file run.txt (compact mmCIF, C-alpha atoms)
# COMPACT_ATOMS: atom_id res chain seq x y z
CA MET A 114 59.73 74.22 28.00
CA GLU A 115 59.16 70.82 29.58
CA GLU A 116 62.21 69.01 30.89
CA VAL A 117 62.66 65.29 31.63
CA ARG A 118 64.75 64.45 34.67
CA LEU A 119 65.60 61.45 36.89
CA MET A 120 64.96 62.74 40.39
CA LYS A 121 63.59 62.19 43.87
CA GLY A 122 59.99 62.99 44.66
CA ASN A 123 61.03 65.75 47.05
CA GLU A 124 63.23 67.27 44.36
CA ALA A 125 60.31 67.16 41.91
CA ILE A 126 58.17 69.22 44.29
CA ALA A 127 60.91 71.82 44.66
CA GLU A 128 61.55 72.09 40.92
CA ALA A 129 57.83 72.29 40.10
CA ALA A 130 57.21 74.98 42.72
CA ILE A 131 59.91 77.21 41.26
CA ARG A 132 58.64 76.63 37.73
CA CYS A 133 54.97 77.33 38.47
CA GLY A 134 55.59 80.84 39.75
CA CYS A 135 55.94 80.32 43.50
CA ASP A 136 56.82 83.59 45.23
CA GLY A 137 58.06 82.26 48.54
CA TYR A 138 58.96 79.05 50.36
CA PHE A 139 59.31 79.11 54.15
CA GLY A 140 60.28 75.89 55.90
CA TYR A 141 62.29 74.05 58.47
CA PRO A 142 64.31 70.84 57.95
CA ILE A 143 62.95 67.48 59.10
CA THR A 144 63.47 63.98 57.69
CA PRO A 145 62.22 62.72 55.23
CA GLN A 146 61.32 66.00 53.47
CA SER A 147 64.44 68.13 53.87
CA GLU A 148 65.41 67.76 50.20
CA ILE A 149 62.56 70.09 49.24
CA MET A 150 64.22 73.08 50.87
CA GLU A 151 67.74 71.84 50.11
CA THR A 152 66.92 71.57 46.39
CA MET A 153 65.48 75.07 46.35
CA MET A 154 68.55 76.45 48.12
CA ALA A 155 70.82 74.71 45.60
CA ILE A 156 68.88 76.11 42.63
CA ALA A 157 68.87 79.62 44.19
CA PRO A 158 65.75 80.85 42.36
CA TRP A 159 66.11 84.33 43.88
CA ASN A 160 68.73 84.89 41.17
CA THR A 161 66.37 83.94 38.33
CA THR A 162 62.67 84.10 39.15
CA GLY A 163 63.00 86.30 42.25
CA MET A 164 61.43 83.62 44.49
CA VAL A 165 62.25 83.85 48.20
CA VAL A 166 63.52 80.67 49.91
CA LEU A 167 63.93 81.00 53.65
CA GLN A 168 64.74 78.56 56.43
CA ALA A 169 62.64 79.75 59.34
CA GLU A 170 63.61 79.22 62.97
CA SER A 171 60.78 76.73 63.49
CA GLU A 172 57.68 75.20 61.97
CA LEU A 173 55.55 77.75 63.81
CA ALA A 174 57.51 80.58 62.26
CA SER A 175 57.33 79.08 58.77
CA ILE A 176 53.53 78.61 58.75
CA ASN A 177 53.03 82.19 59.94
CA MET A 178 55.38 83.47 57.24
CA VAL A 179 53.18 81.62 54.76
CA PHE A 180 50.17 83.39 56.30
CA GLY A 181 51.75 86.79 55.74
CA ALA A 182 52.80 86.09 52.17
CA ALA A 183 49.45 84.48 51.27
CA GLY A 184 47.63 87.50 52.64
CA CYS A 185 49.43 89.59 50.04
CA GLY A 186 48.18 87.33 47.26
CA LYS A 187 51.59 85.74 46.82
CA ARG A 188 52.09 82.08 45.90
CA ALA A 189 53.49 80.82 49.21
CA MET A 190 54.28 77.32 50.40
CA THR A 191 55.88 75.31 53.17
CA SER A 192 56.77 71.68 53.71
CA SER A 193 57.42 69.46 56.68
CA SER A 194 56.94 65.95 57.98
CA SER A 195 54.38 64.65 60.45
CA PRO A 196 55.50 66.10 63.83
CA GLY A 197 56.40 69.37 62.14
CA VAL A 198 52.95 69.61 60.55
CA SER A 199 51.44 68.96 63.98
CA LEU A 200 53.15 72.14 65.16
CA MET A 201 51.58 74.08 62.28
CA GLN A 202 47.96 73.22 63.06
CA GLU A 203 46.92 76.55 64.58
CA GLY A 204 48.44 78.41 61.64
CA ILE A 205 46.66 76.14 59.17
CA SER A 206 43.35 76.78 60.93
CA ASP A 207 44.04 80.53 60.70
CA LEU A 208 44.79 80.26 56.97
CA ALA A 209 41.53 78.38 56.42
CA CYS A 210 39.50 80.95 58.37
CA ALA A 211 41.08 83.86 56.51
CA GLU A 212 40.49 82.10 53.17
CA LEU A 213 44.12 82.41 52.20
CA PRO A 214 45.44 80.21 49.38
CA CYS A 215 48.74 78.41 49.96
CA VAL A 216 50.40 75.04 49.42
CA LEU A 217 51.44 72.76 52.28
CA VAL A 218 53.47 69.58 51.81
CA ASN A 219 53.49 66.76 54.37
CA VAL A 220 55.99 63.97 53.66
CA MET A 221 54.62 61.62 56.30
CA ARG A 222 56.69 59.57 58.75
CA GLY A 223 55.73 57.12 61.47
CA GLY A 224 54.31 58.20 64.81
CA PRO A 225 52.79 58.95 67.28
CA GLY A 226 55.13 61.47 68.85
CA ILE A 227 58.48 62.00 67.19
CA GLY A 228 58.11 58.43 65.97
CA THR A 229 60.44 57.21 63.24
CA ILE A 230 61.82 58.64 60.03
CA GLN A 231 60.37 55.77 57.98
CA ALA A 232 57.31 56.25 55.79
CA SER A 233 53.75 56.17 57.12
CA GLN A 234 50.24 57.24 56.15
CA ALA A 235 49.09 57.94 59.68
CA ASP A 236 48.33 61.62 59.06
CA TYR A 237 45.16 60.96 57.06
CA TYR A 238 42.86 61.96 59.93
CA GLN A 239 44.87 65.09 60.67
CA SER A 240 44.84 66.17 57.04
CA VAL A 241 41.29 65.47 55.85
CA LYS A 242 39.35 66.04 59.08
CA GLY A 243 40.90 69.39 59.96
CA GLY A 244 43.74 68.82 62.41
CA GLY A 245 43.43 72.25 63.97
CA HIS A 246 40.45 73.74 65.76
CA GLY A 247 37.19 74.73 64.14
CA ASP A 248 35.09 73.50 61.22
CA TYR A 249 37.48 73.73 58.31
CA LYS A 250 38.82 71.65 55.44
CA MET A 251 41.80 71.69 53.11
CA ILE A 252 42.02 70.26 49.63
CA VAL A 253 44.28 67.21 50.06
CA LEU A 254 46.11 65.64 47.10
CA ALA A 255 47.77 62.21 47.39
CA PRO A 256 50.46 61.62 44.74
CA ALA A 257 51.59 58.07 43.99
CA SER A 258 54.67 58.76 41.84
CA VAL A 259 57.50 61.22 41.36
CA GLN A 260 55.69 62.53 38.28
CA GLU A 261 52.60 63.27 40.37
CA MET A 262 54.74 65.03 42.99
CA ALA A 263 55.57 67.55 40.27
CA ASP A 264 52.10 67.61 38.70
CA HIS A 265 50.30 67.95 42.02
CA THR A 266 52.48 70.90 43.03
CA VAL A 267 51.21 72.86 40.03
CA LEU A 268 47.66 71.62 40.60
CA ALA A 269 47.81 72.49 44.31
CA PHE A 270 48.62 76.13 43.59
CA ASP A 271 45.91 76.34 40.94
CA LEU A 272 43.24 74.86 43.22
CA ALA A 273 44.36 76.92 46.21
CA PHE A 274 43.85 80.18 44.34
CA GLN A 275 40.71 79.05 42.53
CA TYR A 276 38.95 78.33 45.82
CA ARG A 277 40.99 80.51 48.22
CA ILE A 278 41.83 77.54 50.41
CA PRO A 279 44.98 75.95 51.89
CA THR A 280 45.86 72.94 49.77
CA MET A 281 47.99 70.05 51.01
CA ILE A 282 50.11 67.54 49.14
CA LEU A 283 49.99 64.50 51.42
CA THR A 284 52.75 62.07 50.55
CA ASP A 285 55.21 59.88 52.44
CA GLY A 286 58.89 59.15 52.85
CA ILE A 287 58.97 56.47 50.18
CA ILE A 288 57.64 58.66 47.37
CA GLY A 289 59.63 61.61 48.71
CA GLN A 290 62.91 59.69 48.59
CA MET A 291 62.40 57.35 45.60
CA MET A 292 63.86 58.23 42.20
CA GLU A 293 61.88 58.08 38.96
CA LYS A 294 61.76 59.89 35.67
CA ALA A 295 59.63 63.03 35.77
CA ILE A 296 58.59 65.59 33.19
CA LEU A 297 58.92 69.02 34.78
CA PRO A 298 56.39 71.73 33.93
CA PRO A 299 57.26 74.80 31.86
CA PHE A 300 58.09 78.01 33.68
CA ARG A 301 55.28 80.38 34.56
CA PRO A 302 56.09 84.02 35.28
CA ARG A 303 55.48 85.33 38.77
CA LEU A 304 52.72 87.91 38.95
CA THR A 305 53.63 91.53 39.57
CA ASN A 306 51.97 93.38 42.45
CA ASP A 307 49.74 95.23 39.99
CA GLU A 308 48.70 91.94 38.40
CA ILE A 309 47.95 90.51 41.85
CA ARG A 310 45.78 93.52 42.74
CA GLU A 311 43.81 93.08 39.54
CA LYS A 312 43.46 89.30 39.74
CA TYR A 313 43.01 88.96 43.52
CA PRO A 314 41.19 92.05 44.79
CA TRP A 315 41.22 90.65 48.35
CA ALA A 316 45.04 90.81 48.57
CA THR A 317 46.52 93.16 51.19
CA LEU A 318 49.04 94.93 48.98
CA GLY A 319 48.02 98.43 49.97
CA LYS A 320 44.79 100.35 49.57
CA THR A 321 43.89 101.74 46.18
CA ALA A 322 41.76 104.84 45.71
CA ASP A 323 38.74 103.02 44.32
CA ARG A 324 37.99 100.70 47.27
CA ALA A 325 37.85 100.32 51.03
CA PRO A 326 40.89 98.88 52.82
CA ASN A 327 41.43 95.13 52.73
CA TYR A 328 42.09 93.40 56.01
CA ILE A 329 42.69 89.85 57.22
CA LEU A 330 40.72 88.67 60.22
CA THR A 331 40.49 85.34 62.01
CA LEU A 332 38.72 86.66 65.10
CA GLU A 333 35.07 87.72 65.35
CA LEU A 334 33.71 88.84 68.71
CA TYR A 335 30.09 88.44 67.62
CA SER A 336 28.76 84.92 67.11
CA GLU A 337 26.50 86.01 64.27
CA ASP A 338 29.50 87.28 62.29
CA MET A 339 31.51 84.12 63.00
CA GLU A 340 28.62 82.01 61.79
CA ILE A 341 28.53 83.94 58.51
CA ILE A 342 32.22 83.14 57.97
CA ASN A 343 31.65 79.47 58.74
CA LEU A 344 28.66 79.23 56.42
CA ARG A 345 30.70 80.80 53.62
CA LEU A 346 33.48 78.26 54.20
CA GLN A 347 31.05 75.33 54.21
CA ALA A 348 29.50 76.52 50.95
CA ASN A 349 32.98 76.63 49.42
CA TYR A 350 33.73 73.09 50.60
CA LYS A 351 30.50 71.91 49.01
CA ARG A 352 31.51 73.46 45.68
CA ILE A 353 34.86 71.69 45.92
CA GLN A 354 33.18 68.35 46.68
CA GLU A 355 30.98 68.74 43.62
CA ALA A 356 33.72 69.76 41.19
CA GLU A 357 37.14 68.49 42.25
CA VAL A 358 36.94 64.77 43.09
CA ARG A 359 39.85 62.90 41.50
CA TYR A 360 40.53 59.16 41.50
CA GLU A 361 41.96 56.37 39.39
CA GLU A 362 40.67 52.84 38.73
CA PHE A 363 42.57 49.64 37.88
CA SER A 364 40.80 46.46 36.69
CA CYS A 365 37.53 47.44 38.34
CA GLU A 366 35.14 46.58 35.51
CA ASP A 367 34.63 42.92 36.47
CA ALA A 368 35.97 43.00 40.02
CA ASP A 369 34.45 40.82 42.74
CA TYR A 370 36.60 42.50 45.38
CA LEU A 371 37.80 46.09 45.59
CA ILE A 372 41.00 47.42 47.17
CA ILE A 373 41.01 51.11 48.05
CA ALA A 374 44.43 52.65 48.67
CA PHE A 375 46.30 55.92 48.13
CA GLY A 376 49.92 56.91 47.63
CA THR A 377 52.52 54.22 48.35
CA SER A 378 49.84 51.74 49.39
CA ALA A 379 48.21 52.11 45.98
CA ARG A 380 51.50 51.30 44.24
CA ILE A 381 51.77 48.12 46.31
CA SER A 382 48.11 47.30 45.67
CA GLN A 383 48.50 47.50 41.89
CA LYS A 384 50.81 44.49 42.12
CA VAL A 385 48.35 42.80 44.47
CA VAL A 386 45.67 43.09 41.78
CA GLU A 387 47.98 41.38 39.27
CA LEU A 388 48.90 38.56 41.68
CA ALA A 389 45.28 37.98 42.69
CA ARG A 390 44.08 37.78 39.10
CA GLU A 391 46.82 35.25 38.33
CA GLU A 392 45.14 33.08 40.96
CA GLY A 393 41.69 33.65 39.47
CA ILE A 394 40.55 36.17 42.10
CA LYS A 395 38.94 39.16 40.39
CA VAL A 396 40.28 42.16 42.30
CA GLY A 397 40.16 45.82 41.33
CA LEU A 398 41.84 48.91 42.77
CA LEU A 399 40.34 52.35 43.28
CA ARG A 400 42.97 54.97 44.12
CA PRO A 401 41.73 58.24 45.62
CA ILE A 402 43.84 61.10 44.29
CA THR A 403 41.93 63.71 46.27
CA LEU A 404 41.51 62.66 49.90
CA PHE A 405 39.42 65.76 50.33
CA PRO A 406 37.19 65.87 48.43
CA PHE A 407 36.90 62.11 48.90
CA PRO A 408 35.46 59.94 46.07
CA THR A 409 32.50 58.90 48.22
CA ASN A 410 29.96 58.48 45.44
CA GLU A 411 32.40 56.61 43.23
CA ILE A 412 33.12 54.10 45.99
CA LYS A 413 29.44 53.84 46.86
CA ALA A 414 28.67 52.85 43.26
CA TYR A 415 30.83 49.73 43.65
CA ALA A 416 28.88 48.54 46.71
CA SER A 417 26.31 46.89 44.44
CA GLN A 418 28.99 45.19 42.31
CA VAL A 419 31.62 43.74 44.66
CA LYS A 420 31.40 41.23 47.50
CA ALA A 421 33.71 43.11 49.86
CA MET A 422 36.25 45.94 50.05
CA LEU A 423 39.68 46.23 51.63
CA THR A 424 41.55 49.42 52.42
CA VAL A 425 45.33 49.13 52.41
CA GLU A 426 46.96 51.88 54.44
CA LEU A 427 50.27 52.39 56.25
CA ASN A 428 48.44 53.03 59.52
CA ALA A 429 46.07 51.38 61.98
CA GLY A 430 43.01 52.16 59.88
CA GLN A 431 41.94 55.71 59.05
CA MET A 432 40.65 56.06 55.48
CA VAL A 433 38.68 52.88 56.14
CA ASP A 434 36.20 54.97 58.14
CA ASP A 435 35.37 57.10 55.09
CA VAL A 436 34.99 54.01 52.92
CA ARG A 437 32.59 52.47 55.43
CA LEU A 438 30.57 55.68 55.50
CA ALA A 439 30.45 55.65 51.70
CA VAL A 440 29.05 52.11 51.37
CA ASN A 441 26.77 52.47 54.43
CA GLY A 442 26.87 48.78 55.34
CA GLN A 443 25.99 47.46 51.88
CA VAL A 444 29.19 45.38 51.71
CA PRO A 445 31.83 44.40 54.28
CA VAL A 446 34.83 46.76 54.47
CA GLU A 447 38.05 45.59 56.13
CA HIS A 448 41.42 47.25 56.68
CA TYR A 449 44.98 45.99 56.40
CA GLY A 450 48.06 47.99 57.28
CA ARG A 451 51.49 47.91 58.89
CA LEU A 452 52.64 50.36 61.54
CA GLY A 453 55.81 52.14 62.59
CA GLY A 454 57.23 52.56 59.11
CA ILE A 455 57.07 48.92 58.03
CA ILE A 456 56.04 48.53 54.38
CA PRO A 457 54.09 45.36 53.47
CA THR A 458 54.97 43.35 50.38
CA PRO A 459 52.34 42.63 47.70
CA ASP A 460 52.37 38.95 48.73
CA GLU A 461 51.67 39.93 52.32
CA VAL A 462 48.75 42.13 51.29
CA LEU A 463 47.36 39.38 49.06
CA GLU A 464 47.41 36.88 51.91
CA ALA A 465 45.72 39.40 54.20
CA MET A 466 43.07 40.06 51.55
CA LYS A 467 42.33 36.34 51.26
CA ARG A 468 42.07 36.05 55.02
CA LEU A 469 39.98 39.18 55.64
CA ILE A 470 37.52 39.29 52.74
CA VAL A 471 37.93 36.47 50.17
CA ASN A 472 37.89 33.33 52.34
CA LYS A 473 36.00 34.81 55.27
call {"tool": "encode", "arguments": {"input": "run.txt", "output": "structure tokens"}}
result
Amino acid sequence: MEEVRLMKGNEAIAEAAIRCGCDGYFGYPITPQSEIMETMMAIAPWNTTGMVVLQAESELASINMVFGAAGCGKRAMTSSSSPGVSLMQEGISDLACAELPCVLVNVMRGGPGIGTIQASQADYYQSVKGGGHGDYKMIVLAPASVQEMADHTVLAFDLAFQYRIPTMILTDGIIGQMMEKAILPPFRPRLTNDEIREKYPWATLGKTADRAPNYILTLELYSEDMEIINLRLQANYKRIQEAEVRYEEFSCEDADYLIIAFGTSARISQKVVELAREEGIKVGLLRPITLFPFPTNEIKAYASQVKAMLTVELNAGQMVDDVRLAVNGQVPVEHYGRLGGIIPTPDEVLEAMKRLIVNK
């Protein structure tokens, strides 16, 4: 049964994970995402659904616990914030190589280094370009509301298992800490080990008599074998790019100028569109929901319609590179952002837009 609740974004992730049949959460506290684990501990799902919730001794331990659980076909997840996710990069690369489905949550904060506990979007590169070593990708979802924090948790697990790929929810401290009404998903039963063996024949839950042993490997001594693994991964990423692009458009039909923003920046930019149109400036907003796969073709299609594009990001300019690649020089693309956890107002973004693309 669905349930409506006033809650924080972090709490919505925790509640949705429990309800969608998560088998195990392994994490370590760090601001501004600690409420995810704290909410799970308070609910104590081990008494109801049987889900394991464990505070590991570090981020390195937690990501490797996820690896072990995912290898058994279990629905496993972790969460952290920017410097903690940096510590997980080798484990994430291992998960990608082993084709193990799992859900990772990054509630971004300002950096570089330990940085600040305030919100940022400076982990875009790390998330969509493969922050660890090797040629790998993750599916990356970018929620822009508390409702989407819940919805994307369910979606992340579904996509992770459909494509056998680590899937990240990339959000920030504002959406993690803000309170809004959310409709929580109905409960899904956790799969039994027999059901996992039948549904996911690759799972390492013990050898059955009718097949060879399953094993998990992220090391190949022969280059030819490693290339085969990489080619299989790249083919999977291509399938994802063809089938799983998600985005949202606001007032784009007659737009002369296009803002492209995700997450918190998209919420701010929606108000910018309203303010600009009150002044007679026809502005539209395209919000990528999947950062990988990125809505490249959808953005490219607007290059013949608009005079210029502006990315609004809480960073020094990262997604702007992918937008520029999409339009391939057909229209100017500029970036506006604040750094260190400072959040721009809609009026500030509007003035920057006028300066950078409208009156230039």
call {"tool": "atom_distance", "arguments": {"input": "run.txt", "atom1": "atom CA of Tyr328 of chain A", "atom2": "atom CA of Met190 of chain A"}}
result
20.9 Å
call {"tool": "residues_around", "arguments": {"input": "run.txt", "residues": "segment 317-319 of chain A", "least_positions_apart": "6", "cutoff": "8 Å", "atoms": "all atoms listed in the file", "output": "list of chain:residue names"}}
result
A:Gly184, A:Cys185, A:Gly186, A:Asn306, A:Arg310, A:Pro326, A:Asn327, A:Tyr328, A:Ile329
call {"tool": "closest_residue", "arguments": {"input": "run.txt", "among": "A:Gln168, A:Ile156, A:Tyr141, A:Thr280", "to": "Ile205 of chain A", "atoms": "all atoms listed in the file"}}
result
A:Thr280
call {"tool": "residues_near_point", "arguments": {"input": "run.txt", "point": "(52.0, 70.2, 45.4)", "cutoff": "6 Å", "atoms": "only C-alpha atoms", "output": "count of residues only"}}
result
4
call {"tool": "closest_residue", "arguments": {"input": "run.txt", "among": "A:Ala316, A:Ile296, A:Pro408, A:Glu340", "to": "Met262 of chain A", "atoms": "all atoms listed in the file"}}
result
A:Ile296
call {"tool": "closest_residue", "arguments": {"input": "run.txt", "among": "A:Val386, A:Met150, A:Met251, A:Val220", "to": "Leu463 of chain A", "atoms": "only C-alpha atoms"}}
result
A:Val386
call {"tool": "residues_near_point", "arguments": {"input": "run.txt", "point": "(31.3, 47.1, 51.0)", "cutoff": "7 Å", "atoms": "all atoms listed in the file", "output": "PyMOL selection string"}}
result
chain A and resi 416+420-422+440+442-446
call {"tool": "atom_distance", "arguments": {"input": "run.txt", "atom1": "atom CA of Gly397 of chain A", "atom2": "atom CA of Ala368 of chain A"}}
result
5.2 Å
call {"tool": "residues_around", "arguments": {"input": "run.txt", "residues": "Arg188 of chain A", "least_positions_apart": "2", "cutoff": "12 Å", "atoms": "only C-alpha atoms", "output": "number ranges by chain"}}
result
A: 130-139, 164-165, 178-186, 190-191, 213-217, 266-267, 269-274, 277, 279-280, 301-306, 309, 313, 316
call {"tool": "residues_around", "arguments": {"input": "run.txt", "residues": "Ile288 of chain A", "least_positions_apart": "5", "cutoff": "12 Å", "atoms": "only C-alpha atoms", "output": "JSON, numbers by chain"}}
result
{"A": [120, 121, 122, 123, 124, 125, 126, 145, 146, 219, 220, 221, 222, 231, 232, 233, 234, 255, 256, 257, 258, 259, 260, 261, 262, 263, 282, 283, 293, 375, 376, 377, 378, 379, 380]}
call {"tool": "residues_around", "arguments": {"input": "run.txt", "residues": "Glu115 of chain A", "least_positions_apart": "5", "cutoff": "6 Å", "atoms": "only C-alpha atoms", "output": "list in words"}}
result
Leu297, Pro298 and Pro299 of chain A
call {"tool": "atom_distance", "arguments": {"input": "run.txt", "atom1": "atom CA of Ile278 of chain A", "atom2": "atom CA of Pro406 of chain A"}}
result
12.7 Å
call {"tool": "closest_residue", "arguments": {"input": "run.txt", "among": "A:Met201, A:Met153, A:Ala209, A:Val433", "to": "Tyr238 of chain A", "atoms": "only C-alpha atoms"}}
result
A:Val433
call {"tool": "residues_around", "arguments": {"input": "run.txt", "residues": "Arg352 of chain A", "least_positions_apart": "3", "cutoff": "12 Å", "atoms": "only C-alpha atoms", "output": "VMD selection string"}}
result
chain A and resid 252 275 to 276 345 to 349 355 to 358 405 to 406
call {"tool": "closest_residue", "arguments": {"input": "run.txt", "among": "A:Glu170, A:Glu361, A:Asp236, A:Asp248", "to": "Ile342 of chain A", "atoms": "all atoms listed in the file"}}
result
A:Asp248
call {"tool": "closest_residue", "arguments": {"input": "run.txt", "among": "A:Asn472, A:Ser206, A:Asn177, A:Gln418", "to": "Gly243 of chain A", "atoms": "all atoms listed in the file"}}
result
A:Ser206
